[in-house]
>>> print(open('model25.txt').read())   # compact mmCIF, N, CA and C atoms and all ligand atoms
# COMPACT_ATOMS: atom_id res chain seq x y z
N MET L 1 114.47 126.05 103.91
CA MET L 1 113.55 125.20 104.68
C MET L 1 112.42 126.05 105.25
N THR L 2 111.18 125.62 105.00
CA THR L 2 110.03 126.37 105.51
C THR L 2 109.86 126.13 107.01
N ALA L 3 109.08 126.98 107.64
CA ALA L 3 108.80 126.82 109.08
C ALA L 3 108.09 125.49 109.33
N GLN L 4 107.19 125.14 108.41
CA GLN L 4 106.46 123.87 108.56
C GLN L 4 107.43 122.68 108.49
N GLU L 5 108.33 122.70 107.54
CA GLU L 5 109.31 121.60 107.41
C GLU L 5 110.16 121.51 108.67
N GLN L 6 110.59 122.65 109.18
CA GLN L 6 111.43 122.69 110.38
C GLN L 6 110.68 122.09 111.57
N LYS L 7 109.41 122.47 111.71
CA LYS L 7 108.57 121.98 112.81
C LYS L 7 108.40 120.47 112.72
N VAL L 8 108.12 119.99 111.51
CA VAL L 8 107.87 118.56 111.32
C VAL L 8 109.15 117.74 111.53
N ARG L 9 110.27 118.27 111.09
CA ARG L 9 111.54 117.57 111.32
C ARG L 9 111.81 117.44 112.82
N LEU L 10 111.56 118.50 113.57
CA LEU L 10 111.78 118.47 115.02
C LEU L 10 110.84 117.48 115.70
N LEU L 11 109.58 117.50 115.30
CA LEU L 11 108.57 116.62 115.88
C LEU L 11 108.90 115.15 115.60
N THR L 12 109.34 114.89 114.40
CA THR L 12 109.65 113.51 114.01
C THR L 12 110.91 113.03 114.73
N LYS L 13 111.88 113.91 114.91
CA LYS L 13 113.07 113.55 115.69
C LYS L 13 112.71 113.29 117.14
N TRP L 14 111.79 114.08 117.67
CA TRP L 14 111.33 113.87 119.04
C TRP L 14 110.68 112.48 119.15
N ARG L 15 109.86 112.13 118.16
CA ARG L 15 109.18 110.83 118.16
C ARG L 15 110.19 109.68 118.11
N SER L 16 111.25 109.84 117.35
CA SER L 16 112.22 108.75 117.16
C SER L 16 113.28 108.72 118.25
N GLY L 17 113.47 109.82 118.94
CA GLY L 17 114.57 109.88 119.90
C GLY L 17 115.92 109.73 119.23
N GLY L 18 115.96 109.96 117.91
CA GLY L 18 117.21 109.88 117.18
C GLY L 18 117.56 108.50 116.64
N MET L 19 116.67 107.52 116.90
CA MET L 19 116.91 106.16 116.39
C MET L 19 116.02 105.92 115.18
N CYS L 20 116.50 105.05 114.29
CA CYS L 20 115.72 104.70 113.10
C CYS L 20 114.41 104.04 113.53
N GLU L 21 113.30 104.57 113.04
CA GLU L 21 111.99 104.04 113.44
C GLU L 21 111.70 102.68 112.80
N VAL L 22 112.35 102.39 111.68
CA VAL L 22 112.11 101.12 110.98
C VAL L 22 112.89 99.98 111.62
N CYS L 23 114.20 100.14 111.80
CA CYS L 23 115.02 99.01 112.29
C CYS L 23 115.30 99.11 113.79
N ALA L 24 115.22 100.29 114.36
CA ALA L 24 115.47 100.51 115.78
C ALA L 24 116.89 100.14 116.20
N VAL L 25 117.80 100.06 115.23
CA VAL L 25 119.18 99.65 115.51
C VAL L 25 120.16 100.79 115.21
N GLN L 26 119.97 101.40 114.05
CA GLN L 26 120.89 102.46 113.63
C GLN L 26 120.36 103.83 114.05
N ARG L 27 121.25 104.79 114.11
CA ARG L 27 120.82 106.16 114.34
C ARG L 27 120.09 106.67 113.10
N ALA L 28 119.03 107.42 113.34
CA ALA L 28 118.27 107.98 112.22
C ALA L 28 119.00 109.21 111.70
N THR L 29 119.07 109.32 110.38
CA THR L 29 119.79 110.45 109.79
C THR L 29 118.96 111.21 108.76
N THR L 30 117.88 110.60 108.27
CA THR L 30 117.11 111.27 107.21
C THR L 30 115.61 111.16 107.48
N PHE L 31 114.88 112.08 106.86
CA PHE L 31 113.42 112.10 106.92
C PHE L 31 112.90 111.46 105.65
N HIS L 32 112.09 110.43 105.80
CA HIS L 32 111.50 109.75 104.64
C HIS L 32 110.02 110.12 104.54
N HIS L 33 109.59 110.58 103.37
CA HIS L 33 108.17 110.88 103.14
C HIS L 33 107.44 109.60 102.78
N ARG L 34 106.37 109.26 103.51
CA ARG L 34 105.57 108.07 103.17
C ARG L 34 104.85 108.30 101.85
N LEU L 35 104.24 109.45 101.68
CA LEU L 35 103.77 109.90 100.36
C LEU L 35 104.80 110.90 99.88
N PRO L 36 105.54 110.54 98.84
CA PRO L 36 106.66 111.39 98.41
C PRO L 36 106.24 112.81 98.09
N GLU L 37 107.15 113.72 98.33
CA GLU L 37 106.90 115.14 98.03
C GLU L 37 106.53 115.32 96.56
N GLY L 38 107.15 114.55 95.69
CA GLY L 38 106.88 114.65 94.25
C GLY L 38 105.45 114.26 93.88
N GLN L 39 104.79 113.52 94.79
CA GLN L 39 103.39 113.14 94.57
C GLN L 39 102.46 113.98 95.43
N GLY L 40 102.97 115.08 95.93
CA GLY L 40 102.14 115.98 96.72
C GLY L 40 102.15 115.70 98.21
N GLY L 41 103.06 114.84 98.65
CA GLY L 41 103.15 114.50 100.07
C GLY L 41 103.57 115.70 100.90
N PRO L 42 102.75 116.09 101.87
CA PRO L 42 103.04 117.29 102.65
C PRO L 42 104.04 117.02 103.78
N TRP L 43 104.56 118.10 104.34
CA TRP L 43 105.38 117.99 105.53
C TRP L 43 104.46 117.88 106.74
N ARG L 44 104.25 116.62 107.18
CA ARG L 44 103.48 116.29 108.38
C ARG L 44 104.23 115.16 109.06
N SER L 45 104.25 115.16 110.38
CA SER L 45 104.98 114.08 111.05
C SER L 45 104.36 112.72 110.73
N ALA L 46 103.04 112.67 110.50
CA ALA L 46 102.40 111.40 110.17
C ALA L 46 102.72 110.94 108.75
N ASN L 47 103.23 111.85 107.95
CA ASN L 47 103.63 111.47 106.58
C ASN L 47 105.12 111.19 106.52
N GLY L 48 105.77 111.13 107.66
CA GLY L 48 107.22 110.94 107.63
C GLY L 48 107.71 109.89 108.57
N LEU L 49 108.88 109.38 108.24
CA LEU L 49 109.57 108.45 109.13
C LEU L 49 111.00 108.96 109.29
N HIS L 50 111.51 108.86 110.52
CA HIS L 50 112.90 109.21 110.77
C HIS L 50 113.69 107.90 110.64
N VAL L 51 114.52 107.82 109.63
CA VAL L 51 115.16 106.54 109.30
C VAL L 51 116.67 106.68 109.12
N CYS L 52 117.32 105.52 109.12
CA CYS L 52 118.76 105.48 108.85
C CYS L 52 118.99 105.42 107.34
N GLY L 53 120.17 105.80 106.93
CA GLY L 53 120.55 105.72 105.52
C GLY L 53 120.02 106.87 104.70
N ASP L 54 120.09 106.69 103.39
CA ASP L 54 119.54 107.69 102.48
C ASP L 54 118.94 106.97 101.28
N GLY L 55 118.94 107.61 100.12
CA GLY L 55 118.30 107.01 98.95
C GLY L 55 118.89 105.69 98.49
N THR L 56 120.08 105.35 98.95
CA THR L 56 120.71 104.12 98.45
C THR L 56 121.09 103.14 99.55
N VAL L 57 121.28 103.60 100.78
CA VAL L 57 121.74 102.68 101.84
C VAL L 57 120.80 102.76 103.05
N GLY L 58 120.95 101.79 103.96
CA GLY L 58 120.16 101.77 105.18
C GLY L 58 118.69 101.53 104.91
N CYS L 59 117.86 101.81 105.91
CA CYS L 59 116.42 101.59 105.75
C CYS L 59 115.83 102.50 104.67
N HIS L 60 116.33 103.73 104.59
CA HIS L 60 115.82 104.64 103.55
C HIS L 60 116.08 104.05 102.16
N GLY L 61 117.27 103.53 101.94
CA GLY L 61 117.60 102.90 100.67
C GLY L 61 116.76 101.65 100.41
N TRP L 62 116.54 100.86 101.48
CA TRP L 62 115.74 99.63 101.35
C TRP L 62 114.33 99.98 100.88
N ILE L 63 113.75 101.00 101.49
CA ILE L 63 112.39 101.41 101.12
C ILE L 63 112.33 101.79 99.64
N GLU L 64 113.31 102.57 99.19
CA GLU L 64 113.30 103.02 97.80
C GLU L 64 113.47 101.86 96.82
N HIS L 65 114.13 100.80 97.25
CA HIS L 65 114.42 99.68 96.35
C HIS L 65 113.47 98.50 96.51
N HIS L 66 112.59 98.54 97.50
CA HIS L 66 111.61 97.48 97.73
C HIS L 66 110.25 98.12 97.96
N ARG L 67 109.81 98.85 96.95
CA ARG L 67 108.63 99.70 97.14
C ARG L 67 107.36 98.89 97.42
N ALA L 68 107.17 97.75 96.77
CA ALA L 68 105.96 96.95 97.01
C ALA L 68 105.88 96.53 98.47
N ARG L 69 106.98 96.04 99.01
CA ARG L 69 106.98 95.63 100.41
C ARG L 69 106.88 96.83 101.35
N ALA L 70 107.42 97.96 100.93
CA ALA L 70 107.32 99.17 101.75
C ALA L 70 105.85 99.64 101.85
N TYR L 71 105.09 99.49 100.75
CA TYR L 71 103.66 99.82 100.81
C TYR L 71 102.94 98.90 101.78
N GLU L 72 103.27 97.60 101.74
CA GLU L 72 102.62 96.63 102.64
C GLU L 72 102.86 96.96 104.10
N ARG L 73 103.98 97.57 104.38
CA ARG L 73 104.35 97.87 105.77
C ARG L 73 104.03 99.31 106.18
N GLY L 74 103.39 100.05 105.29
CA GLY L 74 103.00 101.41 105.63
C GLY L 74 104.14 102.41 105.60
N TRP L 75 105.27 102.00 105.02
CA TRP L 75 106.42 102.91 104.94
C TRP L 75 106.27 103.82 103.73
N LEU L 76 105.43 103.39 102.78
CA LEU L 76 105.00 104.23 101.67
C LEU L 76 103.48 104.19 101.67
N VAL L 77 102.84 105.28 101.28
CA VAL L 77 101.39 105.27 101.13
C VAL L 77 101.06 105.83 99.74
N HIS L 78 99.91 105.41 99.21
CA HIS L 78 99.48 105.87 97.90
C HIS L 78 98.86 107.26 98.00
N SER L 79 98.82 107.95 96.88
CA SER L 79 98.30 109.33 96.88
C SER L 79 96.82 109.36 97.28
N TRP L 80 96.11 108.25 97.05
CA TRP L 80 94.68 108.21 97.41
C TRP L 80 94.46 107.76 98.85
N ASP L 81 95.53 107.39 99.54
CA ASP L 81 95.40 106.98 100.95
C ASP L 81 95.45 108.19 101.88
N ASP L 82 94.85 108.03 103.04
CA ASP L 82 94.98 109.01 104.11
C ASP L 82 96.08 108.50 105.03
N PHE L 83 97.20 109.19 105.05
CA PHE L 83 98.34 108.65 105.80
C PHE L 83 98.07 108.58 107.31
N TYR L 84 97.08 109.34 107.77
CA TYR L 84 96.71 109.21 109.19
C TYR L 84 96.03 107.87 109.46
N ALA L 85 95.38 107.32 108.42
CA ALA L 85 94.59 106.10 108.58
C ALA L 85 95.36 104.83 108.20
N VAL L 86 96.55 104.99 107.66
CA VAL L 86 97.36 103.83 107.27
C VAL L 86 98.45 103.62 108.32
N PRO L 87 98.35 102.51 109.07
CA PRO L 87 99.38 102.27 110.09
C PRO L 87 100.71 101.86 109.45
N ALA L 88 101.75 101.96 110.24
CA ALA L 88 103.09 101.58 109.76
C ALA L 88 103.70 100.58 110.75
N LEU L 89 104.44 99.65 110.19
CA LEU L 89 105.14 98.65 111.01
C LEU L 89 106.50 99.22 111.40
N LEU L 90 106.60 99.65 112.64
CA LEU L 90 107.81 100.34 113.09
C LEU L 90 108.36 99.67 114.34
N ARG L 91 109.50 99.01 114.16
CA ARG L 91 110.12 98.27 115.26
C ARG L 91 110.37 99.18 116.46
N LEU L 92 110.76 100.42 116.20
CA LEU L 92 111.07 101.33 117.30
C LEU L 92 109.86 101.57 118.20
N HIS L 93 108.66 101.48 117.61
CA HIS L 93 107.44 101.75 118.39
C HIS L 93 106.70 100.45 118.74
N GLY L 94 107.38 99.31 118.60
CA GLY L 94 106.82 98.05 119.08
C GLY L 94 105.90 97.33 118.12
N GLY L 95 105.87 97.72 116.85
CA GLY L 95 105.04 97.00 115.88
C GLY L 95 104.20 97.95 115.05
N TRP L 96 102.95 97.54 114.77
CA TRP L 96 102.06 98.36 113.93
C TRP L 96 101.48 99.51 114.74
N VAL L 97 101.68 100.71 114.23
CA VAL L 97 101.16 101.90 114.92
C VAL L 97 100.58 102.89 113.92
N TYR L 98 99.64 103.68 114.43
CA TYR L 98 99.18 104.87 113.71
C TYR L 98 100.09 106.02 114.10
N LEU L 99 100.39 106.88 113.16
CA LEU L 99 101.18 108.08 113.43
C LEU L 99 100.23 109.27 113.47
N HIS L 100 100.41 110.12 114.45
CA HIS L 100 99.51 111.26 114.61
C HIS L 100 100.21 112.58 114.30
N TRP L 101 99.38 113.61 114.13
CA TRP L 101 99.88 114.93 113.73
C TRP L 101 100.86 115.51 114.75
N ASP L 102 100.69 115.12 116.04
CA ASP L 102 101.47 115.73 117.12
C ASP L 102 102.72 114.94 117.48
N GLY L 103 103.06 113.93 116.65
CA GLY L 103 104.27 113.17 116.91
C GLY L 103 104.05 111.96 117.82
N LYS L 104 102.81 111.75 118.23
CA LYS L 104 102.52 110.59 119.07
C LYS L 104 102.10 109.41 118.19
N THR L 105 102.11 108.22 118.80
CA THR L 105 101.70 107.02 118.09
C THR L 105 100.68 106.27 118.94
N THR L 106 99.81 105.49 118.29
CA THR L 106 98.95 104.57 119.01
C THR L 106 99.01 103.21 118.33
N THR L 107 98.86 102.18 119.13
CA THR L 107 98.95 100.82 118.61
C THR L 107 97.80 100.51 117.67
N TYR L 108 98.13 99.83 116.60
CA TYR L 108 97.13 99.37 115.63
C TYR L 108 96.99 97.86 115.80
N ASP L 109 95.77 97.39 116.00
CA ASP L 109 95.51 95.96 116.18
C ASP L 109 95.05 95.37 114.85
N ARG L 110 95.91 94.60 114.23
CA ARG L 110 95.61 94.05 112.90
C ARG L 110 94.42 93.08 112.93
N ARG L 111 94.14 92.48 114.08
CA ARG L 111 93.07 91.48 114.15
C ARG L 111 91.69 92.12 114.13
N THR L 112 91.58 93.36 114.60
CA THR L 112 90.26 93.95 114.74
C THR L 112 90.01 95.10 113.77
N SER L 113 91.02 95.55 113.06
CA SER L 113 90.80 96.68 112.18
C SER L 113 90.41 96.23 110.78
N VAL L 114 89.74 97.12 110.06
CA VAL L 114 89.30 96.79 108.71
C VAL L 114 90.41 97.01 107.69
N TRP L 115 91.39 97.84 108.04
CA TRP L 115 92.44 98.15 107.06
C TRP L 115 93.32 96.93 106.82
N ALA L 116 93.64 96.66 105.58
CA ALA L 116 94.60 95.60 105.26
C ALA L 116 95.47 96.07 104.11
N PRO L 117 96.74 95.77 104.13
CA PRO L 117 97.64 96.24 103.07
C PRO L 117 97.33 95.54 101.74
ZN ZN H 201 117.10 101.66 109.95
>>> encode(input="model25.txt", output="structure tokens")
Amino acid sequence: MTAQEQKVRLLTKWRSGGMCEVCAVQRATTFHHRLPEGQGGPWRSANGLHVCGDGTVGCHGWIEHHRARAYERGWLVHSWDDFYAVPALLRLHGGWVYLHWDGKTTTYDRRTSVWAP
């Protein structure tokens, strides 16, 4: 594990408080890349979600098996997207939020923003 990965894992855990950011019900156990590592997705807290489950179960499994809906909700982003500019629908943070480099979030207002899934 690189120092950057370690830092980002810690920051993302701090942001989640150990709860799944998607469902806010289960304990978070895995780091999900919004832009997958295989597509060049870097280790950044804004490119990650702390979620329950893994590749087959829980929210992590749901994302992998419902990719179109996961893109609509900002849980996956395309390689041409800027993950800082694509909000995510995260129950743990009260709805649509932007994720920032420092592990903080800000509310995204769907009525006034130009971005649409
Ligand atoms: Zn979950």
>>> residues_near_point(input="model25.txt", point="(104.6, 96.5, 105.3)", cutoff="10 Å", atoms="only C-alpha atoms", output="list in words")
Arg67, Ala68, Arg69, Ala70, Tyr71, Glu72, Arg73, Gly74, Trp75, Leu76, Pro87, Ala88, Leu89, Leu90, Trp96 and Pro117 of chain L
>>> atom_distance(input="model25.txt", atom1="atom CA of L:Arg110", atom2="atom CA of L:Ala24")
21.1 Å
>>> closest_residue(input="model25.txt", among="L:Thr106, L:Asn47, L:Thr29, L:Thr56", to="ligand ZN 201 (chain H)", atoms="all atoms listed in the file")
L:Thr29
>>> closest_residue(input="model25.txt", among="L:His50, L:Lys104, L:Arg111, L:Arg9", to="ligand ZN 201 (chain H)", atoms="only N, CA and C atoms and all ligand atoms")
L:His50
>>> residues_around(input="model25.txt", residues="L:Phe31", least_positions_apart="6", cutoff="7 Å", atoms="only C-alpha atoms", output="PDB file with N, CA and C atoms, in the frame of the given file")
ATOM      1  N   GLY L  48     105.770 111.130 107.660  1.00  0.00           N
ATOM      2  CA  GLY L  48     107.220 110.940 107.630  1.00  0.00           C
ATOM      3  C   GLY L  48     107.710 109.890 108.570  1.00  0.00           C
ATOM      4  N   LEU L  49     108.880 109.380 108.240  1.00  0.00           N
ATOM      5  CA  LEU L  49     109.570 108.450 109.130  1.00  0.00           C
ATOM      6  C   LEU L  49     111.000 108.960 109.290  1.00  0.00           C
ATOM      7  N   HIS L  50     111.510 108.860 110.520  1.00  0.00           N
ATOM      8  CA  HIS L  50     112.900 109.210 110.770  1.00  0.00           C
ATOM      9  C   HIS L  50     113.690 107.900 110.640  1.00  0.00           C
ATOM     10  N   VAL L  51     114.520 107.820 109.630  1.00  0.00           N
ATOM     11  CA  VAL L  51     115.160 106.540 109.300  1.00  0.00           C
ATOM     12  C   VAL L  51     116.670 106.680 109.120  1.00  0.00           C
TER      13      VAL L  51
END
>>> atom_distance(input="model25.txt", atom1="atom CA of L:Val22", atom2="atom N of L:Gly58")
11.3 Å
>>> select_by_dssp(input="model25.txt", residues="stretch 25-100 of chain L", states="strand (DSSP E)", output="VMD selection string")
chain L and resid 30 to 33 48 to 51 88 to 90 95 to 99
>>> residues_near_ligand(input="model25.txt", ligand="ligand ZN 201 (chain H)", cutoff="7 Å", atoms="all atoms listed in the file", output="mmCIF file with N, CA and C atoms, in the coordinates of the input")
data_model
loop_
_atom_site.group_PDB
_atom_site.id
_atom_site.type_symbol
_atom_site.label_atom_id
_atom_site.label_comp_id
_atom_site.auth_asym_id
_atom_site.auth_seq_id
_atom_site.Cartn_x
_atom_site.Cartn_y
_atom_site.Cartn_z
ATOM 1 N N MET L 19 116.670 107.520 116.900
ATOM 2 C CA MET L 19 116.910 106.160 116.390
ATOM 3 C C MET L 19 116.020 105.920 115.180
ATOM 4 N N CYS L 20 116.500 105.050 114.290
ATOM 5 C CA CYS L 20 115.720 104.700 113.100
ATOM 6 C C CYS L 20 114.410 104.040 113.530
ATOM 7 N N GLU L 21 113.300 104.570 113.040
ATOM 8 C CA GLU L 21 111.990 104.040 113.440
ATOM 9 C C GLU L 21 111.700 102.680 112.800
ATOM 10 N N VAL L 22 112.350 102.390 111.680
ATOM 11 C CA VAL L 22 112.110 101.120 110.980
ATOM 12 C C VAL L 22 112.890 99.980 111.620
ATOM 13 N N CYS L 23 114.200 100.140 111.800
ATOM 14 C CA CYS L 23 115.020 99.010 112.290
ATOM 15 C C CYS L 23 115.300 99.110 113.790
ATOM 16 N N ALA L 24 115.220 100.290 114.360
ATOM 17 C CA ALA L 24 115.470 100.510 115.780
ATOM 18 C C ALA L 24 116.890 100.140 116.200
ATOM 19 N N VAL L 25 117.800 100.060 115.230
ATOM 20 C CA VAL L 25 119.180 99.650 115.510
ATOM 21 C C VAL L 25 120.160 100.790 115.210
ATOM 22 N N GLN L 26 119.970 101.400 114.050
ATOM 23 C CA GLN L 26 120.890 102.460 113.630
ATOM 24 C C GLN L 26 120.360 103.830 114.050
ATOM 25 N N ARG L 27 121.250 104.790 114.110
ATOM 26 C CA ARG L 27 120.820 106.160 114.340
ATOM 27 C C ARG L 27 120.090 106.670 113.100
ATOM 28 N N ALA L 28 119.030 107.420 113.340
ATOM 29 C CA ALA L 28 118.270 107.980 112.220
ATOM 30 C C ALA L 28 119.000 109.210 111.700
ATOM 31 N N VAL L 51 114.520 107.820 109.630
ATOM 32 C CA VAL L 51 115.160 106.540 109.300
ATOM 33 C C VAL L 51 116.670 106.680 109.120
ATOM 34 N N CYS L 52 117.320 105.520 109.120
ATOM 35 C CA CYS L 52 118.760 105.480 108.850
ATOM 36 C C CYS L 52 118.990 105.420 107.340
ATOM 37 N N GLY L 53 120.170 105.800 106.930
ATOM 38 C CA GLY L 53 120.550 105.720 105.520
ATOM 39 C C GLY L 53 120.020 106.870 104.700
ATOM 40 N N GLY L 58 120.950 101.790 103.960
ATOM 41 C CA GLY L 58 120.160 101.770 105.180
ATOM 42 C C GLY L 58 118.690 101.530 104.910
ATOM 43 N N CYS L 59 117.860 101.810 105.910
ATOM 44 C CA CYS L 59 116.420 101.590 105.750
ATOM 45 C C CYS L 59 115.830 102.500 104.670
ATOM 46 N N HIS L 60 116.330 103.730 104.590
ATOM 47 C CA HIS L 60 115.820 104.640 103.550
ATOM 48 C C HIS L 60 116.080 104.050 102.160
#
>>> residues_near_point(input="model25.txt", point="(110.1, 117.0, 110.5)", cutoff="12 Å", atoms="only C-alpha atoms", output="PyMOL selection string")
chain L and resi 1-16+29-33+42-51+101-103
>>> atom_distance(input="model25.txt", atom1="atom N of L:Arg34", atom2="atom CA of L:Val57")
16.8 Å
>>> select_by_dssp(input="model25.txt", residues="chain L", states="alpha helix (DSSP H)", output="list in words")
Ala3, Gln4, Glu5, Gln6, Lys7, Val8, Arg9, Leu10, Leu11, Thr12, Lys13, Trp14, Arg15, Ser16, Gly58, Cys59, His60, Gly61, Trp62, Ile63, Glu64, His65, Arg67, Ala68, Arg69, Ala70, Tyr71 and Glu72 of chain L
>>> closest_residue(input="model25.txt", among="L:Leu35, L:Gly55, L:His65, L:Gly18", to="L:Phe83", atoms="only N, CA and C atoms")
L:Leu35
>>> decode(input="model25.txt", residues="stretch 83-92 of chain L", atoms="all heavy atoms", output="short mmCIF file (atom, residue, chain, number, x, y, z; two decimals), in the first residue's frame")
data_model
loop_
_atom_site.label_atom_id
_atom_site.label_comp_id
_atom_site.auth_asym_id
_atom_site.auth_seq_id
_atom_site.Cartn_x
_atom_site.Cartn_y
_atom_site.Cartn_z
N PHE L 83 -14.13 14.12 -11.16
CA PHE L 83 -14.89 13.60 -10.01
C PHE L 83 -15.12 14.65 -8.92
O PHE L 83 -16.02 14.50 -8.12
CB PHE L 83 -14.27 12.31 -9.44
CG PHE L 83 -12.79 12.38 -9.16
CD1 PHE L 83 -12.30 13.02 -8.05
CD2 PHE L 83 -11.90 11.78 -10.05
CE1 PHE L 83 -10.95 13.06 -7.78
CE2 PHE L 83 -10.52 11.82 -9.80
CZ PHE L 83 -10.05 12.47 -8.67
N TYR L 84 -14.33 15.72 -8.95
CA TYR L 84 -14.61 16.81 -7.99
C TYR L 84 -15.90 17.55 -8.37
O TYR L 84 -16.56 18.13 -7.51
CB TYR L 84 -13.46 17.81 -7.96
CG TYR L 84 -12.20 17.27 -7.32
CD1 TYR L 84 -11.10 16.95 -8.09
CD2 TYR L 84 -12.12 17.11 -5.93
CE1 TYR L 84 -9.94 16.45 -7.51
CE2 TYR L 84 -10.97 16.62 -5.35
CZ TYR L 84 -9.88 16.30 -6.15
OH TYR L 84 -8.74 15.81 -5.56
N ALA L 85 -16.23 17.52 -9.66
CA ALA L 85 -17.38 18.29 -10.16
C ALA L 85 -18.65 17.46 -10.27
O ALA L 85 -19.71 18.01 -10.57
CB ALA L 85 -17.03 18.89 -11.52
N VAL L 86 -18.55 16.17 -10.05
CA VAL L 86 -19.73 15.30 -10.13
C VAL L 86 -20.18 14.95 -8.71
O VAL L 86 -19.48 14.26 -7.98
CB VAL L 86 -19.40 14.00 -10.90
CG1 VAL L 86 -20.62 13.08 -10.91
CG2 VAL L 86 -18.94 14.31 -12.31
N PRO L 87 -21.36 15.47 -8.33
CA PRO L 87 -21.85 15.17 -6.98
C PRO L 87 -22.30 13.72 -6.85
O PRO L 87 -22.52 13.04 -7.86
CB PRO L 87 -23.04 16.12 -6.81
CG PRO L 87 -23.51 16.39 -8.20
CD PRO L 87 -22.31 16.30 -9.09
N ALA L 88 -22.42 13.27 -5.63
CA ALA L 88 -22.87 11.90 -5.36
C ALA L 88 -24.05 11.94 -4.39
O ALA L 88 -24.10 12.79 -3.50
CB ALA L 88 -21.73 11.08 -4.78
N LEU L 89 -24.97 11.03 -4.60
CA LEU L 89 -26.13 10.91 -3.72
C LEU L 89 -25.77 9.98 -2.57
O LEU L 89 -25.68 8.77 -2.75
CB LEU L 89 -27.32 10.35 -4.52
CG LEU L 89 -28.63 10.16 -3.75
CD1 LEU L 89 -29.14 11.48 -3.19
CD2 LEU L 89 -29.68 9.53 -4.67
N LEU L 90 -25.51 10.57 -1.42
CA LEU L 90 -25.02 9.79 -0.29
C LEU L 90 -25.90 10.02 0.93
O LEU L 90 -25.92 11.11 1.52
CB LEU L 90 -23.57 10.18 0.02
CG LEU L 90 -22.58 9.91 -1.13
CD1 LEU L 90 -21.22 10.47 -0.80
CD2 LEU L 90 -22.51 8.41 -1.43
N ARG L 91 -26.65 8.98 1.29
CA ARG L 91 -27.59 9.08 2.41
C ARG L 91 -26.88 9.51 3.69
O ARG L 91 -27.42 10.30 4.46
CB ARG L 91 -28.27 7.73 2.60
CG ARG L 91 -29.40 7.76 3.60
CD ARG L 91 -30.19 6.47 3.55
NE ARG L 91 -30.98 6.39 2.33
CZ ARG L 91 -31.60 5.29 1.90
NH1 ARG L 91 -31.48 4.17 2.61
NH2 ARG L 91 -32.30 5.30 0.81
N LEU L 92 -25.65 9.02 3.88
CA LEU L 92 -24.93 9.35 5.12
C LEU L 92 -24.69 10.85 5.25
O LEU L 92 -24.62 11.38 6.36
CB LEU L 92 -23.59 8.60 5.16
CG LEU L 92 -22.81 8.73 6.47
CD1 LEU L 92 -23.54 8.00 7.61
CD2 LEU L 92 -21.41 8.19 6.33
#
